[in-house]
$ cat run-v7.cif   # mmCIF, C-alpha atoms and all ligand atoms
data_coords
loop_
_atom_site.label_atom_id
_atom_site.label_comp_id
_atom_site.auth_asym_id
_atom_site.auth_seq_id
_atom_site.Cartn_x
_atom_site.Cartn_y
_atom_site.Cartn_z
CA MET A 2 0.00 0.00 0.00
CA PHE A 3 2.73 2.50 0.84
CA PHE A 4 5.05 1.86 -2.07
CA GLU A 5 2.14 2.03 -4.54
CA LYS A 6 1.84 5.72 -3.68
CA PHE A 7 5.26 6.28 -5.22
CA ARG A 8 4.15 4.92 -8.60
CA MET A 9 3.12 7.36 -11.34
CA ASP A 10 2.05 4.95 -14.07
CA GLY A 11 0.11 6.58 -16.91
CA GLN A 12 0.76 10.10 -15.67
CA VAL A 13 2.29 12.82 -17.83
CA ALA A 14 5.08 14.86 -16.27
CA VAL A 15 6.46 18.05 -17.81
CA ILE A 16 9.91 19.23 -16.73
CA THR A 17 11.23 22.66 -17.70
CA GLY A 18 14.98 22.93 -18.12
CA GLY A 19 14.83 19.17 -18.42
CA GLY A 20 17.66 18.78 -20.92
CA ARG A 21 20.43 18.54 -18.36
CA GLY A 22 21.39 18.85 -14.70
CA ILE A 23 18.73 18.69 -12.01
CA GLY A 24 15.88 18.74 -14.57
CA LEU A 25 17.24 15.75 -16.47
CA SER A 26 17.68 13.81 -13.25
CA CYS A 27 14.06 14.63 -12.30
CA ALA A 28 12.95 13.33 -15.71
CA GLU A 29 14.77 10.07 -15.06
CA ALA A 30 13.26 9.68 -11.58
CA LEU A 31 9.67 10.33 -12.70
CA ALA A 32 10.12 8.02 -15.69
CA GLU A 33 11.34 5.28 -13.37
CA ALA A 34 8.16 5.81 -11.34
CA GLY A 35 6.14 5.16 -14.51
CA ALA A 36 5.36 8.65 -15.82
CA ARG A 37 5.51 9.70 -19.45
CA ILE A 38 8.04 12.53 -19.72
CA VAL A 39 8.03 15.78 -21.65
CA ILE A 40 11.33 17.66 -21.51
CA ILE A 41 11.10 21.40 -22.07
CA ASP A 42 14.23 23.40 -22.75
CA ARG A 43 15.00 26.65 -24.51
CA ASP A 44 17.99 25.05 -26.22
CA ASP A 45 17.07 22.38 -28.76
CA ALA A 46 20.53 20.78 -28.64
CA VAL A 47 20.36 20.49 -24.84
CA ALA A 48 16.81 19.13 -24.98
CA GLU A 49 17.87 16.59 -27.60
CA SER A 50 20.90 15.47 -25.62
CA GLY A 51 18.66 14.97 -22.59
CA ARG A 52 16.15 13.02 -24.67
CA GLN A 53 18.93 10.81 -25.98
CA ALA A 54 20.40 10.29 -22.52
CA LEU A 55 16.99 9.07 -21.35
CA ALA A 56 16.66 6.86 -24.44
CA THR A 57 19.87 5.04 -23.50
CA LYS A 58 18.11 4.16 -20.24
CA GLY A 59 15.04 2.88 -22.07
CA VAL A 60 12.91 6.01 -21.55
CA GLN A 61 11.15 7.41 -24.63
CA ALA A 62 10.69 11.06 -23.64
CA ASP A 63 9.04 13.77 -25.69
CA LYS A 64 10.80 17.11 -26.06
CA TYR A 65 9.51 20.65 -26.55
CA VAL A 66 11.63 23.71 -27.26
CA LEU A 67 10.44 26.71 -25.28
CA ASP A 68 11.81 29.78 -23.55
CA VAL A 69 9.84 29.99 -20.30
CA THR A 70 10.11 33.79 -20.24
CA ASP A 71 7.71 34.02 -23.22
CA SER A 72 4.29 33.78 -21.57
CA ALA A 73 2.36 33.39 -24.83
CA ALA A 74 4.71 30.59 -25.91
CA VAL A 75 4.28 28.94 -22.49
CA ASP A 76 0.48 29.00 -22.94
CA LYS A 77 0.88 27.46 -26.39
CA ALA A 78 3.25 24.80 -25.06
CA ALA A 79 0.71 23.74 -22.42
CA ALA A 80 -2.02 23.53 -25.09
CA ASP A 81 0.23 21.59 -27.48
CA ILE A 82 1.39 19.14 -24.83
CA PHE A 83 -2.15 18.57 -23.58
CA ALA A 84 -3.35 18.01 -27.17
CA ARG A 85 -0.55 15.50 -27.74
CA HIS A 86 -0.73 13.59 -24.48
CA GLY A 87 -4.35 14.09 -23.37
CA ARG A 88 -3.43 14.95 -19.78
CA ILE A 89 -0.91 16.86 -17.67
CA ASP A 90 -0.42 15.50 -14.16
CA VAL A 91 2.88 16.96 -13.01
CA LEU A 92 4.88 20.10 -13.71
CA VAL A 93 8.43 20.47 -12.48
CA ALA A 94 9.24 24.17 -12.95
CA ASN A 95 12.98 23.79 -12.85
CA ALA A 96 14.37 26.07 -15.58
CA GLY A 97 16.56 28.70 -13.97
CA ILE A 98 19.75 30.64 -14.40
CA ALA A 99 22.41 31.89 -12.02
CA ARG A 100 24.58 34.89 -12.69
CA THR A 101 26.92 36.17 -10.04
CA GLY A 102 29.53 38.83 -9.53
CA ALA A 103 27.70 42.15 -9.43
CA ARG A 104 27.42 44.01 -6.17
CA ALA A 105 23.86 45.12 -5.43
CA GLU A 106 24.68 48.79 -5.93
CA ASP A 107 26.24 48.09 -9.32
CA THR A 108 23.64 45.65 -10.64
CA PRO A 109 22.67 46.60 -14.18
CA ASP A 110 18.94 46.57 -15.02
CA GLU A 111 19.60 43.90 -17.63
CA LEU A 112 21.06 41.51 -15.05
CA TRP A 113 18.24 42.02 -12.56
CA LEU A 114 15.55 41.68 -15.22
CA ASN A 115 17.11 38.65 -16.93
CA VAL A 116 17.54 36.58 -13.75
CA ASN A 117 14.10 37.44 -12.43
CA ASP A 118 12.50 36.89 -15.82
CA VAL A 119 13.70 33.29 -16.02
CA ASN A 120 13.70 32.30 -12.34
CA TYR A 121 10.52 34.02 -11.21
CA ASN A 122 8.33 35.17 -14.11
CA GLY A 123 9.03 31.96 -16.02
CA VAL A 124 7.98 29.85 -13.05
CA PHE A 125 4.71 31.75 -12.75
CA TRP A 126 3.93 31.57 -16.47
CA CYS A 127 4.43 27.80 -16.34
CA ASN A 128 2.42 27.32 -13.11
CA ARG A 129 -0.43 29.38 -14.60
CA ALA A 130 -0.46 27.67 -17.99
CA PHE A 131 -0.03 24.05 -16.91
CA GLY A 132 -1.99 24.57 -13.68
CA LYS A 133 -5.11 25.42 -15.71
CA TYR A 134 -5.17 21.92 -17.18
CA MET A 135 -4.68 20.40 -13.73
CA LEU A 136 -7.48 22.52 -12.26
CA LYS A 137 -9.80 21.39 -15.06
CA ALA A 138 -8.92 17.77 -14.26
CA GLY A 139 -9.27 18.40 -10.51
CA ARG A 140 -5.88 16.81 -9.92
CA GLY A 141 -2.22 17.63 -10.30
CA ALA A 142 1.10 18.29 -8.61
CA ILE A 143 3.51 21.12 -9.27
CA VAL A 144 7.06 21.23 -7.95
CA ASN A 145 8.95 24.49 -8.29
CA ILE A 146 12.72 24.50 -7.94
CA GLY A 147 13.69 27.29 -5.59
CA SER A 148 16.97 27.43 -3.71
CA MET A 149 18.46 27.68 -0.26
CA SER A 150 19.46 31.12 -1.62
CA GLY A 151 15.83 32.06 -0.99
CA TYR A 152 16.62 31.73 2.75
CA ILE A 153 20.24 32.85 2.99
CA ALA A 154 22.52 35.34 1.30
CA ASN A 155 25.30 33.32 -0.31
CA ARG A 156 28.96 33.92 0.33
CA PRO A 157 31.55 34.62 -0.96
CA GLN A 158 29.73 35.48 -4.21
CA PHE A 159 27.30 38.38 -4.49
CA GLN A 160 24.00 37.59 -6.17
CA THR A 161 21.18 39.60 -4.63
CA TYR A 162 19.12 39.28 -7.82
CA TYR A 163 19.31 35.46 -7.73
CA ASN A 164 18.57 35.19 -4.00
CA ALA A 165 15.54 37.47 -4.28
CA SER A 166 14.21 35.57 -7.32
CA LYS A 167 14.32 32.29 -5.40
CA ALA A 168 12.65 33.70 -2.26
CA ALA A 169 9.90 34.88 -4.60
CA VAL A 170 9.54 31.34 -5.96
CA HIS A 171 8.99 30.00 -2.45
CA HIS A 172 6.25 32.50 -1.64
CA LEU A 173 4.67 32.10 -5.07
CA THR A 174 4.53 28.37 -4.29
CA ALA A 175 2.74 28.94 -0.97
CA SER A 176 0.32 31.47 -2.48
CA LEU A 177 -0.67 29.22 -5.39
CA ALA A 178 -0.98 26.27 -3.03
CA ALA A 179 -3.50 28.20 -0.93
CA GLU A 180 -5.55 29.12 -4.01
CA TRP A 181 -5.60 25.65 -5.51
CA ALA A 182 -5.61 23.33 -2.47
CA ASP A 183 -9.36 22.69 -2.49
CA ARG A 184 -9.34 22.11 -6.26
CA GLY A 185 -7.02 19.10 -6.21
CA VAL A 186 -3.78 20.77 -7.26
CA ARG A 187 -0.81 20.68 -4.90
CA VAL A 188 2.05 23.16 -5.29
CA ASN A 189 5.33 22.57 -3.48
CA ALA A 190 8.95 23.61 -3.91
CA VAL A 191 12.43 22.27 -3.29
CA ALA A 192 15.26 24.48 -2.04
CA PRO A 193 18.55 22.80 -2.97
CA THR A 194 22.02 23.53 -1.69
CA TYR A 195 24.90 23.74 -4.19
CA ILE A 196 24.48 20.89 -6.66
CA GLU A 197 27.14 19.64 -9.06
CA THR A 198 25.79 20.66 -12.47
CA GLU A 199 26.82 22.86 -15.39
CA MET A 200 25.44 25.81 -13.42
CA THR A 201 27.94 25.49 -10.58
CA ARG A 202 30.72 24.32 -12.91
CA ASN A 203 30.27 27.52 -14.94
CA ILE A 204 30.43 30.01 -12.09
CA VAL A 205 32.81 28.47 -9.66
CA ASP A 206 36.46 28.86 -8.89
CA ARG A 207 37.98 26.38 -6.48
CA SER A 208 38.35 28.84 -3.57
CA MET A 209 34.64 29.66 -3.78
CA MET A 210 33.77 25.98 -3.59
CA ASP A 211 35.95 25.56 -0.50
CA VAL A 212 33.89 28.22 1.31
CA TRP A 213 30.63 26.53 0.27
CA ILE A 214 31.77 23.17 1.58
CA ARG A 215 33.13 24.64 4.82
CA ASP A 216 29.73 26.30 5.39
CA THR A 217 27.80 23.05 4.88
CA PRO A 218 27.26 20.76 7.88
CA MET A 219 27.42 17.69 5.62
CA GLY A 220 30.70 19.01 4.19
CA ARG A 221 29.85 18.40 0.55
CA MET A 222 27.83 19.58 -2.43
CA GLY A 223 24.78 17.66 -3.59
CA GLN A 224 24.17 15.53 -6.67
CA PRO A 225 21.23 16.05 -9.07
CA HIS A 226 19.68 12.70 -8.10
CA GLU A 227 19.42 13.90 -4.49
CA ILE A 228 17.06 16.65 -5.66
CA ALA A 229 15.25 14.38 -8.12
CA SER A 230 14.23 11.96 -5.35
CA VAL A 231 12.64 14.83 -3.39
CA VAL A 232 10.89 16.04 -6.55
CA HIS A 233 9.59 12.52 -7.10
CA PHE A 234 8.18 12.42 -3.56
CA LEU A 235 6.47 15.79 -4.00
CA SER A 236 5.08 14.77 -7.41
CA CYS A 237 3.45 11.53 -6.37
CA ASP A 238 0.66 10.52 -3.99
CA ALA A 239 3.15 9.69 -1.23
CA SER A 240 3.07 13.43 -0.44
CA SER A 241 -0.72 13.78 -0.72
CA LEU A 242 -0.98 15.99 2.39
CA LEU A 243 1.82 18.36 1.40
CA THR A 244 1.05 21.63 -0.28
CA GLY A 245 2.68 25.03 0.00
CA ALA A 246 5.82 23.43 1.43
CA THR A 247 9.34 24.32 0.44
CA VAL A 248 11.53 21.35 1.27
CA LYS A 249 15.12 22.27 2.02
CA ALA A 250 17.48 19.70 0.49
CA ASP A 251 20.60 21.51 1.56
CA GLY A 252 22.94 19.20 3.47
CA GLY A 253 22.13 21.27 6.54
CA PHE A 254 23.43 24.52 5.04
CA THR A 255 20.63 26.71 6.40
CA ILE A 256 21.06 25.37 9.95
CA TRP A 257 24.26 27.37 10.36
P1 LIG B 1 21.67 23.92 -15.45
O1 LIG B 1 22.19 25.23 -15.94
O2 LIG B 1 22.57 22.75 -15.50
O3 LIG B 1 20.32 23.54 -16.22
C1 LIG B 1 19.30 24.48 -16.41
C2 LIG B 1 18.50 24.09 -17.64
O4 LIG B 1 17.47 25.09 -17.80
C3 LIG B 1 19.34 24.10 -18.92
O5 LIG B 1 19.05 22.93 -19.67
C4 LIG B 1 18.89 25.36 -19.64
O6 LIG B 1 18.98 25.26 -21.06
C5 LIG B 1 17.44 25.49 -19.17
N1 LIG B 1 16.95 26.87 -19.23
C6 LIG B 1 17.56 27.98 -18.77
N2 LIG B 1 16.83 29.06 -19.05
C7 LIG B 1 15.71 28.62 -19.67
C8 LIG B 1 14.58 29.26 -20.21
N3 LIG B 1 14.46 30.61 -20.20
N4 LIG B 1 13.60 28.51 -20.76
C9 LIG B 1 13.72 27.15 -20.81
N5 LIG B 1 14.79 26.49 -20.34
C10 LIG B 1 15.78 27.22 -19.79
O7 LIG B 1 21.16 24.22 -13.98
P2 LIG B 1 20.81 23.26 -12.75
O8 LIG B 1 21.93 23.34 -11.79
O9 LIG B 1 20.35 21.93 -13.22
O10 LIG B 1 19.61 24.10 -12.10
C11 LIG B 1 18.25 23.75 -12.25
C12 LIG B 1 17.45 24.59 -11.27
O11 LIG B 1 17.91 24.34 -9.94
C13 LIG B 1 17.53 26.09 -11.48
O12 LIG B 1 16.28 26.69 -11.24
C14 LIG B 1 18.53 26.53 -10.42
O13 LIG B 1 18.38 27.89 -10.05
C15 LIG B 1 18.18 25.58 -9.30
N6 LIG B 1 19.25 25.40 -8.32
C16 LIG B 1 20.46 24.95 -8.72
C17 LIG B 1 21.47 24.81 -7.76
C18 LIG B 1 22.85 24.35 -8.14
O14 LIG B 1 23.76 24.48 -7.30
N7 LIG B 1 23.08 23.77 -9.30
C19 LIG B 1 21.22 25.13 -6.42
C20 LIG B 1 19.95 25.58 -6.06
C21 LIG B 1 18.98 25.71 -7.02
#
$ encode --input "run-v7.cif" --output "structure tokens"
Amino acid sequence: MFFEKFRMDGQVAVITGGGRGIGLSCAEALAEAGARIVIIDRDDAVAESGRQALATKGVQADKYVLDVTDSAAVDKAAADIFARHGRIDVLVANAGIARTGARAEDTPDELWLNVNDVNYNGVFWCNRAFGKYMLKAGRGAIVNIGSMSGYIANRPQFQTYYNASKAAVHHLTASLAAEWADRGVRVNAVAPTYIETEMTRNIVDRSMMDVWIRDTPMGRMGQPHEIASVVHFLSCDASSLLTGATVKADGGFTIW
């Protein structure tokens, strides 16, 4: 009875930024639970490489090229995916970007707007568009990928714009959860610590990583599969009483 709740057979799960990193690992986890997978990514080559990586594991995923900052295109994507698959059970709003290095007082408008457009606006456009189909069905689960940066201000790097965008994701999650709880749609979030992906590989120098690890009670970064397993839990019926929660998967980082 308990393990059945972790199965997702016949369900359709849509994962934004699913071509690589945390999103790709989420796709693999939900596929293993039985869901049909649709990978969304703004970069066709990345989406295709993710699709092929899943194929080597026996998962036939669908892919859809979309920039989540384009709200009209997000609406169209939801309509297209529903038309193709006949249902949408799960959305993992994972697409996000990190840019660091600008002090708050020197942050150019372009940097602020770009990070918030992808990390915050894009999450809302996707929740709104895909959530509509879930509300119509009276059932669905959304998992937004926030960050521990929504709780803390990172060091040594400065990234006020990123931290604020992720705090917004957490409160957006709680607000939507309150609106949709009695209509069968659960909305939760995950707040990861530093995870070894292209994102951290692109921005990190070794001395920065040493500070991160020193500041983490577990003394290490996380792996994408350690976020994917939390996303799986929040996506399936095993978490049927959870909504509006942001689950910290942070190796204890926010304790200190
Ligand atoms: P990543 O850069 O490896 O992957 C992000 C994916 O999102 C890429 O495939 C990229 O093409 C896609 N993407 C970016 N902008 C997009 C857009 N506008 N529309 C559609 N797709 C877009 O990053 P990751 O480390 O796997 O991060 C995934 C999520 O987890 C992000 O929201 C990130 O902020 C969050 N997160 C990451 C870490 C970390 O340390 N890696 C920590 C906390 C939170």
$ closest_residue --input "run-v7.cif" --among "A:Asp238, A:Glu180, A:Asp118, A:Glu106" --to "ligand LIG 1 (chain B)" --atoms "all atoms listed in the file"
A:Asp118
$ atom_distance --input "run-v7.cif" --atom1 "atom CA of A:Phe4" --atom2 "atom CA of A:Lys133"
29.1 Å
$ closest_residue --input "run-v7.cif" --among "A:Gly20, A:Leu55, A:Ala168, A:Asp211" --to "A:Ala32" --atoms "all atoms listed in the file"
A:Leu55
$ axis_aligned_box --input "run-v7.cif" --around "ligand LIG 1 (chain B)" --padding-each-side "3 Å" --output "lines of an AutoDock Vina configuration file"
center_x = 18.7
center_y = 26.3
center_z = -13.6
size_x = 16.2
size_y = 14.7
size_z = 21.0
$ closest_residue --input "run-v7.cif" --among "A:Asp216, A:Asp76, A:Asp44, A:Glu29" --to "A:Val60" --atoms "all atoms listed in the file"
A:Glu29
$ closest_residue --input "run-v7.cif" --among "A:Val124, A:Ala30, A:Ala73, A:Met2" --to "ligand LIG 1 (chain B)" --atoms "only C-alpha atoms and all ligand atoms"
A:Val124
$ closest_residue --input "run-v7.cif" --among "A:Ile89, A:Ala229, A:Ala80, A:Leu243" --to "A:Ala34" --atoms "only C-alpha atoms"
A:Ala229
$ residues_around --input "run-v7.cif" --residues "A:Ile38" --least-positions-apart "6" --cutoff "8 Å" --atoms "all atoms listed in the file" --output "list in words"
Val13, Ala14, Val15, Ile16, Ala28, Leu31, Ala32, Gln61, Ala62 and Asp63 of chain A
$ write_last_selection --input "run-v7.cif" --atoms "C-alpha atoms" --output "short mmCIF file (atom, residue, chain, number, x, y, z; two decimals), in the frame of the given file"
data_model
loop_
_atom_site.label_atom_id
_atom_site.label_comp_id
_atom_site.auth_asym_id
_atom_site.auth_seq_id
_atom_site.Cartn_x
_atom_site.Cartn_y
_atom_site.Cartn_z
CA VAL A 13 2.29 12.82 -17.83
CA ALA A 14 5.08 14.86 -16.27
CA VAL A 15 6.46 18.05 -17.81
CA ILE A 16 9.91 19.23 -16.73
CA ALA A 28 12.95 13.33 -15.71
CA LEU A 31 9.67 10.33 -12.70
CA ALA A 32 10.12 8.02 -15.69
CA GLN A 61 11.15 7.41 -24.63
CA ALA A 62 10.69 11.06 -23.64
CA ASP A 63 9.04 13.77 -25.69
#
$ atom_distance --input "run-v7.cif" --atom1 "atom CA of A:Ile153" --atom2 "atom C20 of ligand LIG 1 (chain B)"
11.6 Å
$ closest_residue --input "run-v7.cif" --among "A:Cys127, A:Met219, A:Leu25, A:Val116" --to "A:Thr255" --atoms "all atoms listed in the file"
A:Met219
$ atom_distance --input "run-v7.cif" --atom1 "atom CA of A:Ser241" --atom2 "atom CA of A:Gly139"
13.8 Å
